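Chemist: Before I ask anything, let me first share the structure, which is written out below as structure tokens.
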Amino acid sequence: MPKRGNIQVAVRLRPTAAFSEALSVTDAGVTVNLGHSKSDSSSFLDNQQKVYTFNFDRVMKDAPQQDVYESCARPTVESVVSGFNGTVFCYGQTGAGKTYTMTGDTSMSYLQRGVVPRAIIDLFRLLNERPGTIATVRVSYLEIYNEQLYDLLSPNEMTGHLQIQDDSSGNTVVRGLTMPVCATEEECMHYLFQGDTTRVIAEHQMNNASSRSHCIFTIHVEQRHNTSVAEKVVTSKLHLVDLAGSERVTKTKSDGKILQEANYINKSLTFLEQVVVALSTKNRDHIPYRQSKLTNVLRDSLGGNSKTSMIANIHGETAHLDETVSTLRFAERVMCVNNHAVVNESMDPVMMVKKLEREVRELKQELAMHDAIANRAGVNYGTLSDDQIFDIRQQVRKYMAGESDDIEIVSVGQIKEVFRQFKSLAGTVTDPSGTIDDQDHAQEMTSGAGKPTAAASRPSTSGVGNVTATSGFSVGLSAIASSASPVKTKPKIVPRVVQEQDKDAEPAPSKEEGFERFCAGEGAVMSASVSENKAELARKKADRRSLANEVNEAKSRIDTLTEHLAERSRTHPAEEDEAKGIVDAEASQMTDELKAAKNAYRAAYDRLREVTAEVKAIQTLGNRAKAQLLASFEEWYASSFPNAGEELEDDGPCVPVEGNPFDEARKTVTRNTLQMVAKRRIMSRKREL
């Protein structure tokens with residue numbers, strides 16, 4: 001039965017030093033007094049509503065990233081592991097903190113990571129805790145830019161011509177979307193970072209790095225039992241959606257290409273609100289999902305088969321109260337939408353065929369055992385051979401001639417053949433088997449020469465467990481010719497970073513001096529994040545060493561107590577003590593100590609596994625931060641000293657990268673980042689010309 005449930009909605013306020021007095025916040029509600037900041041000196045009657053009160057599942061003010069994930073995303077991730085579809089998406093005005101909530105700090109600090117990295121780590125941890133199942137994880141990264149679909153994980157140039165279709169089960173799929181398999185959380189993180197480097201961003205008055213597109217990072221999970229013939233498959237998917245923010249052109253001062261992008265963003269968000277209004281209206285027959293690509297892709301997440309959570313990001317300043325009320329109204333409508341989530345179970349046809357074949361073999365073996373017990377040898381439960389058909393015909397002929405009183409029945413196939421021979425000899429119908437026609441029957445009956453030579457020369461095919469190839473079926477896909485689409489390069493709008501330099505500028509410093517200057521100035525935030533990650537990594541490694549020592553000490557304690565108990569049992573047999581009524585207090589004490597040591601070992605080992613996973617995650621994010629720092633330094637160095645004529649190496653002496661198991665992923669992300677920086681520089685120069 002589908003599980004009905006409303007979409008869970010939480011509100012997160014962006015921290016600010018100028019928090020409006022018109023906002024009143026509690027743990028589950030927000031009150032906005034629009035008349036608080038307006039003048040009441042006017043004498044005319046004003047019937048406009050000024051005080052708005054909204055209630056939500058949770059309201060978070062100055063909440064850390066960990067609390068946001070635990071309250072808004074963790075239940076959804078756990079339901080995905082159980083077989084349900086799940087969605088977590090952020091909605092709000094531009095600059096309200098949606099990308100920060102979903103992805104985290106741009107400097108990739110480990111403590112500031114967002115919902116998506118935490119969900120990846122949590123998902124793989126939960127799957128590893130299910131030893132009875134085999135899980136296959138695939139990921140996809142879709143971008144909706146100006147109502148065109150782009151694959152952020154595609155190795156080829158993005159064409160923007162992906163199509164949305166419905167599969168045989170009625171689910172919405174994007175044809176041609178890349179879905180690589182991820183065996184570990186490190187691979188999943190790599191694809192997330194790869195997609196982030198190709199997202200479209202731009203700068204305007206309210207946000208220095210505004211997302212110009214809607215991005216959907218989807219994790220597809222397929223689980224089956226670890227037996228070789230498990231036919232039941234449980235599939236689920238987790239949508240992690242970072243929506244572009246709504247914009248007011250009067251505040252962003254956008255023009256040109258950025259204004260066109262803002263129009264597309266506001267239009268798609270308007271269609272999203274129309275879908276939400278239609279879903280929250282009772283007895284509404286038509287839901288306008290197909291009005292936009294965004295609502296069509298998220299059809300299951302809104303009123304469909306999914307457990308959905310929404311985070312509404314709002315500003316706390318007085319200047320943005322109108323947009324804040326608009327966002328809270330939308331969030332209140334979303335709470336009225338009912339979803340119908342079910343566990344996605346299906347049967348694998350290939351495994352079903354294998355299971356049925358195995359059952360047939362087992363049933364044939366059981367029949368052979370029953371025949372052996374009843375002293376019936378040579379009984380064929382499959383297709384009758386020509387020799388057996390001839391024998392049945394002779395038995396029927398003798399029975400009709402009065403030479404035999406009965407016909408021995410041994411199988412259902414023989415009964416069918418007996419009735420067929422009765423009809424054939426009576427002349428009512430022709431033999432439908434097509435193996436021996438009526439003329440052959442007549443010749444054999446009149447000649448009485450016995451079995452035909454051809455039939456006698458054929459070997460018998462009777463026997464239990466024979467496999468015949470007289471009929472069957474095949475499953476395949478027809479070849480569909482795909483028409484080639486013209487390749488169009490996706491436009492990139494990035495902040496202008498190239499600055500002209502004075503002719504009398506100082507000479508270019510060395511890379512070491514330039515890097516120190518960059519880390520002390522424009523790159524101070526990123527450099528601090530690298531140091532923070534390094535310090536956090538050192539702390540986690542120290543914790544891991546301490547836990548490893550605890551595990552080793554507990555194991556040594558267990559071995560020592562086990563040896564002492566074994567020695568005690570040899571020197572003081574328990575049977576003799578029981579016969580004498582003596583209670584061995586020392587052995588009882590050692591047994592209690594052994595149980596306590598085993599419990600301590602399990603607790604330390606579980607904690608060691610968690611800390612090891614955290615160390616791997618910190619190493620991955622730290623390498624990402626170092627690569628981003630190097631790329632930013634190269635861009636700054638090239639723009640500040642264009643005559644230097646030198647190129648920054650991937651691994652410069654100023655930022656050494658320690659050896660770790662994710663070195664290849666770091667180099668790949670660094671290479672992608674450098675290519676992105678080069679494209680930005682070329683496009684900026686073209687815009688200047």
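By convention in this document, the chains of the structure tokens carry letters A, B, ... by their order, each chain's residues are numbered from 1, and ligands are numbered from 1 in the order they are shown.
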If we count only C-alpha atoms and set the cut-off at 10 Å, which residues sit around Leu547 (chain A), ignoring sequence neighbours fewer than 3 positions away in its own chain? Please answer as a short mmCIF file (atom, residue, chain, number, x, y, z; two decimals) with N, CA and C atoms, in the first residue's frame.

Modeler:
data_model
loop_
_atom_site.label_atom_id
_atom_site.label_comp_id
_atom_site.auth_asym_id
_atom_site.auth_seq_id
_atom_site.Cartn_x
_atom_site.Cartn_y
_atom_site.Cartn_z
N LYS A 541 43.57 11.78 12.44
CA LYS A 541 44.58 10.72 12.39
C LYS A 541 45.06 10.37 13.79
N ALA A 542 45.19 11.39 14.65
CA ALA A 542 45.57 11.10 16.03
C ALA A 542 44.49 10.26 16.73
N ASP A 543 43.22 10.61 16.47
CA ASP A 543 42.14 9.80 17.04
C ASP A 543 42.19 8.36 16.50
N ARG A 544 42.51 8.24 15.21
CA ARG A 544 42.57 6.90 14.62
C ARG A 544 43.70 6.08 15.26
N GLU A 550 43.67 1.24 21.22
CA GLU A 550 42.64 0.65 22.08
C GLU A 550 42.19 -0.71 21.56
N VAL A 551 42.02 -0.80 20.24
CA VAL A 551 41.60 -2.08 19.65
C VAL A 551 42.66 -3.15 19.89
N ASN A 552 43.94 -2.78 19.70
CA ASN A 552 45.01 -3.76 19.91
C ASN A 552 45.10 -4.18 21.38
N GLU A 553 44.96 -3.21 22.28
CA GLU A 553 45.01 -3.55 23.70
C GLU A 553 43.84 -4.45 24.09
N TYR A 601 36.22 -4.06 22.85
CA TYR A 601 36.81 -4.26 21.52
C TYR A 601 35.82 -3.89 20.41
N ALA A 603 33.21 -1.85 20.58
CA ALA A 603 32.96 -0.41 20.57
C ALA A 603 34.13 0.35 19.95
N ALA A 604 35.35 -0.02 20.33
CA ALA A 604 36.52 0.66 19.76
C ALA A 604 36.66 0.39 18.27
N TYR A 605 36.35 -0.84 17.86
CA TYR A 605 36.47 -1.17 16.43
C TYR A 605 35.44 -0.42 15.60
N ASP A 606 34.20 -0.32 16.08
CA ASP A 606 33.18 0.44 15.35
C ASP A 606 33.57 1.91 15.23
N ARG A 607 34.07 2.47 16.34
CA ARG A 607 34.50 3.87 16.29
C ARG A 607 35.69 4.05 15.36
N LEU A 608 36.58 3.06 15.32
CA LEU A 608 37.74 3.13 14.42
C LEU A 608 37.29 3.15 12.97
N ARG A 609 36.29 2.37 12.62
CA ARG A 609 35.78 2.38 11.25
C ARG A 609 35.20 3.74 10.89
N VAL A 611 35.95 6.70 12.23
CA VAL A 611 37.02 7.70 12.12
C VAL A 611 37.82 7.49 10.84
#

Chemist: Given only C-alpha atoms as the basis, pick out the residue of A:Arg212, A:Arg397, A:Lys626, A:His225 nearest to Val530 (chain A).

Modeler: A:Lys626

Chemist: If DSSP is run on the backbone, what residues of region 196-434 of chain A are strand (DSSP E or B)? A reply as a PDB file with N, CA, C and O atoms, in the first residue's frame would be ideal.

Modeler:
ATOM      1  N   ILE A 201      27.837  29.871 -13.485  1.00  0.00           N
ATOM      2  CA  ILE A 201      27.697  30.860 -12.420  1.00  0.00           C
ATOM      3  C   ILE A 201      27.952  32.238 -13.008  1.00  0.00           C
ATOM      4  O   ILE A 201      28.551  32.377 -14.078  1.00  0.00           O
ATOM      5  N   ALA A 202      27.484  33.260 -12.313  1.00  0.00           N
ATOM      6  CA  ALA A 202      27.684  34.638 -12.759  1.00  0.00           C
ATOM      7  C   ALA A 202      27.640  35.554 -11.540  1.00  0.00           C
ATOM      8  O   ALA A 202      27.272  35.146 -10.434  1.00  0.00           O
ATOM      9  N   GLU A 203      27.999  36.806 -11.752  1.00  0.00           N
ATOM     10  CA  GLU A 203      28.067  37.781 -10.674  1.00  0.00           C
ATOM     11  C   GLU A 203      27.053  38.889 -10.926  1.00  0.00           C
ATOM     12  O   GLU A 203      26.916  39.377 -12.044  1.00  0.00           O
ATOM     13  N   HIS A 204      26.324  39.257  -9.847  1.00  0.00           N
ATOM     14  CA  HIS A 204      25.451  40.421  -9.921  1.00  0.00           C
ATOM     15  C   HIS A 204      25.482  41.131  -8.575  1.00  0.00           C
ATOM     16  O   HIS A 204      26.284  40.788  -7.688  1.00  0.00           O
ATOM     17  N   ASN A 207      24.896  38.733  -5.381  1.00  0.00           N
ATOM     18  CA  ASN A 207      25.633  37.479  -5.196  1.00  0.00           C
ATOM     19  C   ASN A 207      26.837  37.470  -6.128  1.00  0.00           C
ATOM     20  O   ASN A 207      26.695  37.682  -7.330  1.00  0.00           O
ATOM     21  N   ASN A 208      28.026  37.229  -5.553  1.00  0.00           N
ATOM     22  CA  ASN A 208      29.236  37.187  -6.367  1.00  0.00           C
ATOM     23  C   ASN A 208      29.362  35.900  -7.159  1.00  0.00           C
ATOM     24  O   ASN A 208      30.108  35.854  -8.149  1.00  0.00           O
ATOM     25  N   ALA A 209      28.711  34.842  -6.763  1.00  0.00           N
ATOM     26  CA  ALA A 209      28.772  33.555  -7.471  1.00  0.00           C
ATOM     27  C   ALA A 209      27.368  32.975  -7.520  1.00  0.00           C
ATOM     28  O   ALA A 209      27.056  31.982  -6.863  1.00  0.00           O
ATOM     29  N   SER A 210      26.501  33.602  -8.298  1.00  0.00           N
ATOM     30  CA  SER A 210      25.101  33.196  -8.377  1.00  0.00           C
ATOM     31  C   SER A 210      24.940  32.028  -9.347  1.00  0.00           C
ATOM     32  O   SER A 210      25.474  32.047 -10.456  1.00  0.00           O
ATOM     33  N   SER A 211      24.219  30.997  -8.922  1.00  0.00           N
ATOM     34  CA  SER A 211      23.923  29.872  -9.808  1.00  0.00           C
ATOM     35  C   SER A 211      22.929  30.322 -10.868  1.00  0.00           C
ATOM     36  O   SER A 211      21.876  30.864 -10.543  1.00  0.00           O
ATOM     37  N   HIS A 214      19.386  25.307 -12.621  1.00  0.00           N
ATOM     38  CA  HIS A 214      18.944  24.325 -11.634  1.00  0.00           C
ATOM     39  C   HIS A 214      19.781  23.060 -11.812  1.00  0.00           C
ATOM     40  O   HIS A 214      19.948  22.582 -12.941  1.00  0.00           O
ATOM     41  N   CYS A 215      20.300  22.512 -10.739  1.00  0.00           N
ATOM     42  CA  CYS A 215      21.144  21.318 -10.806  1.00  0.00           C
ATOM     43  C   CYS A 215      20.529  20.213  -9.943  1.00  0.00           C
ATOM     44  O   CYS A 215      20.079  20.463  -8.818  1.00  0.00           O
ATOM     45  N   ILE A 216      20.529  18.987 -10.503  1.00  0.00           N
ATOM     46  CA  ILE A 216      19.949  17.826  -9.829  1.00  0.00           C
ATOM     47  C   ILE A 216      20.991  16.729  -9.806  1.00  0.00           C
ATOM     48  O   ILE A 216      21.317  16.140 -10.840  1.00  0.00           O
ATOM     49  N   PHE A 217      21.540  16.439  -8.630  1.00  0.00           N
ATOM     50  CA  PHE A 217      22.484  15.334  -8.440  1.00  0.00           C
ATOM     51  C   PHE A 217      21.683  14.145  -7.919  1.00  0.00           C
ATOM     52  O   PHE A 217      21.087  14.215  -6.844  1.00  0.00           O
ATOM     53  N   THR A 218      21.647  13.069  -8.701  1.00  0.00           N
ATOM     54  CA  THR A 218      20.797  11.920  -8.381  1.00  0.00           C
ATOM     55  C   THR A 218      21.668  10.700  -8.107  1.00  0.00           C
ATOM     56  O   THR A 218      22.590  10.404  -8.863  1.00  0.00           O
ATOM     57  N   ILE A 219      21.358   9.994  -7.024  1.00  0.00           N
ATOM     58  CA  ILE A 219      22.024   8.738  -6.666  1.00  0.00           C
ATOM     59  C   ILE A 219      21.013   7.615  -6.862  1.00  0.00           C
ATOM     60  O   ILE A 219      19.953   7.593  -6.223  1.00  0.00           O
ATOM     61  N   HIS A 220      21.318   6.681  -7.766  1.00  0.00           N
ATOM     62  CA  HIS A 220      20.453   5.542  -8.055  1.00  0.00           C
ATOM     63  C   HIS A 220      21.003   4.310  -7.338  1.00  0.00           C
ATOM     64  O   HIS A 220      22.186   3.970  -7.502  1.00  0.00           O
ATOM     65  N   VAL A 221      20.161   3.630  -6.563  1.00  0.00           N
ATOM     66  CA  VAL A 221      20.574   2.473  -5.773  1.00  0.00           C
ATOM     67  C   VAL A 221      19.760   1.259  -6.217  1.00  0.00           C
ATOM     68  O   VAL A 221      18.527   1.333  -6.331  1.00  0.00           O
ATOM     69  N   GLU A 222      20.465   0.149  -6.462  1.00  0.00           N
ATOM     70  CA  GLU A 222      19.812  -1.116  -6.810  1.00  0.00           C
ATOM     71  C   GLU A 222      20.311  -2.178  -5.838  1.00  0.00           C
ATOM     72  O   GLU A 222      21.518  -2.413  -5.733  1.00  0.00           O
ATOM     73  N   GLN A 223      19.381  -2.835  -5.131  1.00  0.00           N
ATOM     74  CA  GLN A 223      19.739  -3.820  -4.112  1.00  0.00           C
ATOM     75  C   GLN A 223      19.061  -5.149  -4.428  1.00  0.00           C
ATOM     76  O   GLN A 223      17.911  -5.188  -4.844  1.00  0.00           O
ATOM     77  N   ARG A 224      19.810  -6.225  -4.224  1.00  0.00           N
ATOM     78  CA  ARG A 224      19.281  -7.575  -4.365  1.00  0.00           C
ATOM     79  C   ARG A 224      19.960  -8.466  -3.330  1.00  0.00           C
ATOM     80  O   ARG A 224      21.024  -8.124  -2.808  1.00  0.00           O
ATOM     81  N   HIS A 225      19.343  -9.621  -3.066  1.00  0.00           N
ATOM     82  CA  HIS A 225      19.923 -10.539  -2.089  1.00  0.00           C
ATOM     83  C   HIS A 225      21.214 -11.124  -2.638  1.00  0.00           C
ATOM     84  O   HIS A 225      21.391 -11.248  -3.860  1.00  0.00           O
ATOM     85  N   LYS A 232      14.193 -10.980  -6.789  1.00  0.00           N
ATOM     86  CA  LYS A 232      13.604  -9.713  -6.357  1.00  0.00           C
ATOM     87  C   LYS A 232      14.666  -8.624  -6.313  1.00  0.00           C
ATOM     88  O   LYS A 232      15.731  -8.800  -5.729  1.00  0.00           O
ATOM     89  N   VAL A 233      14.367  -7.477  -6.950  1.00  0.00           N
ATOM     90  CA  VAL A 233      15.293  -6.346  -7.014  1.00  0.00           C
ATOM     91  C   VAL A 233      14.588  -5.132  -6.414  1.00  0.00           C
ATOM     92  O   VAL A 233      13.437  -4.837  -6.754  1.00  0.00           O
ATOM     93  N   VAL A 234      15.269  -4.436  -5.506  1.00  0.00           N
ATOM     94  CA  VAL A 234      14.749  -3.216  -4.886  1.00  0.00           C
ATOM     95  C   VAL A 234      15.540  -2.039  -5.442  1.00  0.00           C
ATOM     96  O   VAL A 234      16.769  -1.980  -5.310  1.00  0.00           O
ATOM     97  N   THR A 235      14.851  -1.116  -6.088  1.00  0.00           N
ATOM     98  CA  THR A 235      15.494   0.051  -6.684  1.00  0.00           C
ATOM     99  C   THR A 235      14.971   1.320  -6.009  1.00  0.00           C
ATOM    100  O   THR A 235      13.799   1.395  -5.631  1.00  0.00           O
ATOM    101  N   SER A 236      15.843   2.292  -5.889  1.00  0.00           N
ATOM    102  CA  SER A 236      15.463   3.582  -5.304  1.00  0.00           C
ATOM    103  C   SER A 236      16.396   4.652  -5.846  1.00  0.00           C
ATOM    104  O   SER A 236      17.452   4.349  -6.412  1.00  0.00           O
ATOM    105  N   LYS A 237      15.995   5.901  -5.674  1.00  0.00           N
ATOM    106  CA  LYS A 237      16.826   7.015  -6.143  1.00  0.00           C
ATOM    107  C   LYS A 237      16.679   8.182  -5.176  1.00  0.00           C
ATOM    108  O   LYS A 237      15.631   8.357  -4.541  1.00  0.00           O
ATOM    109  N   LEU A 238      17.748   8.961  -5.092  1.00  0.00           N
ATOM    110  CA  LEU A 238      17.785  10.124  -4.211  1.00  0.00           C
ATOM    111  C   LEU A 238      18.116  11.357  -5.034  1.00  0.00           C
ATOM    112  O   LEU A 238      19.221  11.471  -5.567  1.00  0.00           O
ATOM    113  N   HIS A 239      17.137  12.270  -5.168  1.00  0.00           N
ATOM    114  CA  HIS A 239      17.347  13.543  -5.863  1.00  0.00           C
ATOM    115  C   HIS A 239      17.848  14.579  -4.858  1.00  0.00           C
ATOM    116  O   HIS A 239      17.185  14.828  -3.835  1.00  0.00           O
ATOM    117  N   LEU A 240      18.976  15.187  -5.138  1.00  0.00           N
ATOM    118  CA  LEU A 240      19.506  16.296  -4.335  1.00  0.00           C
ATOM    119  C   LEU A 240      19.533  17.518  -5.240  1.00  0.00           C
ATOM    120  O   LEU A 240      20.374  17.631  -6.141  1.00  0.00           O
ATOM    121  N   VAL A 241      18.594  18.438  -5.020  1.00  0.00           N
ATOM    122  CA  VAL A 241      18.303  19.503  -5.981  1.00  0.00           C
ATOM    123  C   VAL A 241      18.757  20.844  -5.415  1.00  0.00           C
ATOM    124  O   VAL A 241      18.403  21.211  -4.290  1.00  0.00           O
ATOM    125  N   ASP A 242      19.544  21.561  -6.221  1.00  0.00           N
ATOM    126  CA  ASP A 242      19.960  22.928  -5.900  1.00  0.00           C
ATOM    127  C   ASP A 242      19.308  23.856  -6.922  1.00  0.00           C
ATOM    128  O   ASP A 242      19.769  23.975  -8.057  1.00  0.00           O
ATOM    129  N   SER A 246      15.257  32.901  -7.052  1.00  0.00           N
ATOM    130  CA  SER A 246      14.421  33.904  -7.709  1.00  0.00           C
ATOM    131  C   SER A 246      15.082  35.273  -7.594  1.00  0.00           C
ATOM    132  O   SER A 246      15.727  35.591  -6.589  1.00  0.00           O
ATOM    133  N   LYS A 307       9.611  10.329  -0.963  1.00  0.00           N
ATOM    134  CA  LYS A 307       9.621  11.014   0.326  1.00  0.00           C
ATOM    135  C   LYS A 307      10.459  12.281   0.158  1.00  0.00           C
ATOM    136  O   LYS A 307      11.670  12.205  -0.044  1.00  0.00           O
ATOM    137  N   THR A 308       9.808  13.417   0.214  1.00  0.00           N
ATOM    138  CA  THR A 308      10.426  14.686  -0.159  1.00  0.00           C
ATOM    139  C   THR A 308      10.570  15.593   1.051  1.00  0.00           C
ATOM    140  O   THR A 308       9.676  15.661   1.902  1.00  0.00           O
ATOM    141  N   SER A 309      11.712  16.274   1.108  1.00  0.00           N
ATOM    142  CA  SER A 309      11.971  17.288   2.129  1.00  0.00           C
ATOM    143  C   SER A 309      12.411  18.571   1.432  1.00  0.00           C
ATOM    144  O   SER A 309      13.162  18.528   0.454  1.00  0.00           O
ATOM    145  N   MET A 310      11.938  19.702   1.939  1.00  0.00           N
ATOM    146  CA  MET A 310      12.262  21.003   1.358  1.00  0.00           C
ATOM    147  C   MET A 310      12.894  21.888   2.428  1.00  0.00           C
ATOM    148  O   MET A 310      12.469  21.887   3.581  1.00  0.00           O
ATOM    149  N   ILE A 311      13.923  22.639   2.021  1.00  0.00           N
ATOM    150  CA  ILE A 311      14.557  23.626   2.889  1.00  0.00           C
ATOM    151  C   ILE A 311      14.348  24.993   2.247  1.00  0.00           C
ATOM    152  O   ILE A 311      14.833  25.247   1.140  1.00  0.00           O
ATOM    153  N   ALA A 312      13.599  25.856   2.913  1.00  0.00           N
ATOM    154  CA  ALA A 312      13.335  27.207   2.412  1.00  0.00           C
ATOM    155  C   ALA A 312      14.373  28.157   3.007  1.00  0.00           C
ATOM    156  O   ALA A 312      14.407  28.354   4.222  1.00  0.00           O
ATOM    157  N   ASN A 313      15.223  28.726   2.162  1.00  0.00           N
ATOM    158  CA  ASN A 313      16.265  29.651   2.607  1.00  0.00           C
ATOM    159  C   ASN A 313      15.757  31.085   2.471  1.00  0.00           C
ATOM    160  O   ASN A 313      15.283  31.476   1.393  1.00  0.00           O
ATOM    161  N   ILE A 314      15.849  31.871   3.549  1.00  0.00           N
ATOM    162  CA  ILE A 314      15.346  33.242   3.529  1.00  0.00           C
ATOM    163  C   ILE A 314      16.394  34.182   4.108  1.00  0.00           C
ATOM    164  O   ILE A 314      17.304  33.770   4.837  1.00  0.00           O
ATOM    165  N   ASN A 338       0.582  16.105  -0.871  1.00  0.00           N
ATOM    166  CA  ASN A 338       0.658  14.719  -0.401  1.00  0.00           C
ATOM    167  C   ASN A 338       1.414  13.869  -1.411  1.00  0.00           C
ATOM    168  O   ASN A 338       1.093  13.881  -2.603  1.00  0.00           O
ATOM    169  N   ASN A 339       2.409  13.136  -0.942  1.00  0.00           N
ATOM    170  CA  ASN A 339       3.124  12.167  -1.763  1.00  0.00           C
ATOM    171  C   ASN A 339       2.671  10.756  -1.410  1.00  0.00           C
ATOM    172  O   ASN A 339       2.149  10.507  -0.314  1.00  0.00           O
ATOM    173  N   HIS A 340       2.891   9.824  -2.323  1.00  0.00           N
ATOM    174  CA  HIS A 340       2.482   8.433  -2.141  1.00  0.00           C
ATOM    175  C   HIS A 340       3.719   7.555  -2.354  1.00  0.00           C
ATOM    176  O   HIS A 340       3.965   7.069  -3.457  1.00  0.00           O
ATOM    177  N   ALA A 341       4.491   7.362  -1.316  1.00  0.00           N
ATOM    178  CA  ALA A 341       5.756   6.636  -1.414  1.00  0.00           C
ATOM    179  C   ALA A 341       5.533   5.144  -1.190  1.00  0.00           C
ATOM    180  O   ALA A 341       4.807   4.737  -0.284  1.00  0.00           O
ATOM    181  N   GLU A 345       9.905  -2.497  -5.615  1.00  0.00           N
ATOM    182  CA  GLU A 345      10.332  -3.882  -5.807  1.00  0.00           C
ATOM    183  C   GLU A 345       9.922  -4.359  -7.190  1.00  0.00           C
ATOM    184  O   GLU A 345       8.823  -4.065  -7.664  1.00  0.00           O
ATOM    185  N   SER A 346      10.794  -5.089  -7.832  1.00  0.00           N
ATOM    186  CA  SER A 346      10.519  -5.648  -9.149  1.00  0.00           C
ATOM    187  C   SER A 346      11.170  -7.021  -9.246  1.00  0.00           C
ATOM    188  O   SER A 346      12.008  -7.385  -8.406  1.00  0.00           O
ATOM    189  N   MET A 347      10.780  -7.772 -10.259  1.00  0.00           N
ATOM    190  CA  MET A 347      11.307  -9.117 -10.476  1.00  0.00           C
ATOM    191  C   MET A 347      12.218  -9.098 -11.698  1.00  0.00           C
ATOM    192  O   MET A 347      11.830  -8.637 -12.771  1.00  0.00           O
TER     193      MET A 347
END

Chemist: Find the residues near Ile120 (chain A): any atom within 12 Å, counting only C-alpha atoms, skip ones fewer than 5 places away on the same chain, and give them as an MDAnalysis selection string.

Modeler: chainID A and resid 69 73:74 77:78 80:81 102:103 113:115 125:127 137:139 182:192 217:221 238:240 613 617

Chemist: Tell me which of A:Ser140, A:Asn55, A:Gln194, A:Ser71 sits closest to Arg175 (chain A), counting only C-alpha atoms.

Modeler: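 Ranking A:Ser140, A:Asn55, A:Gln194, A:Ser71 by distance to Arg175 (chain A), first place goes to A:Ser140.
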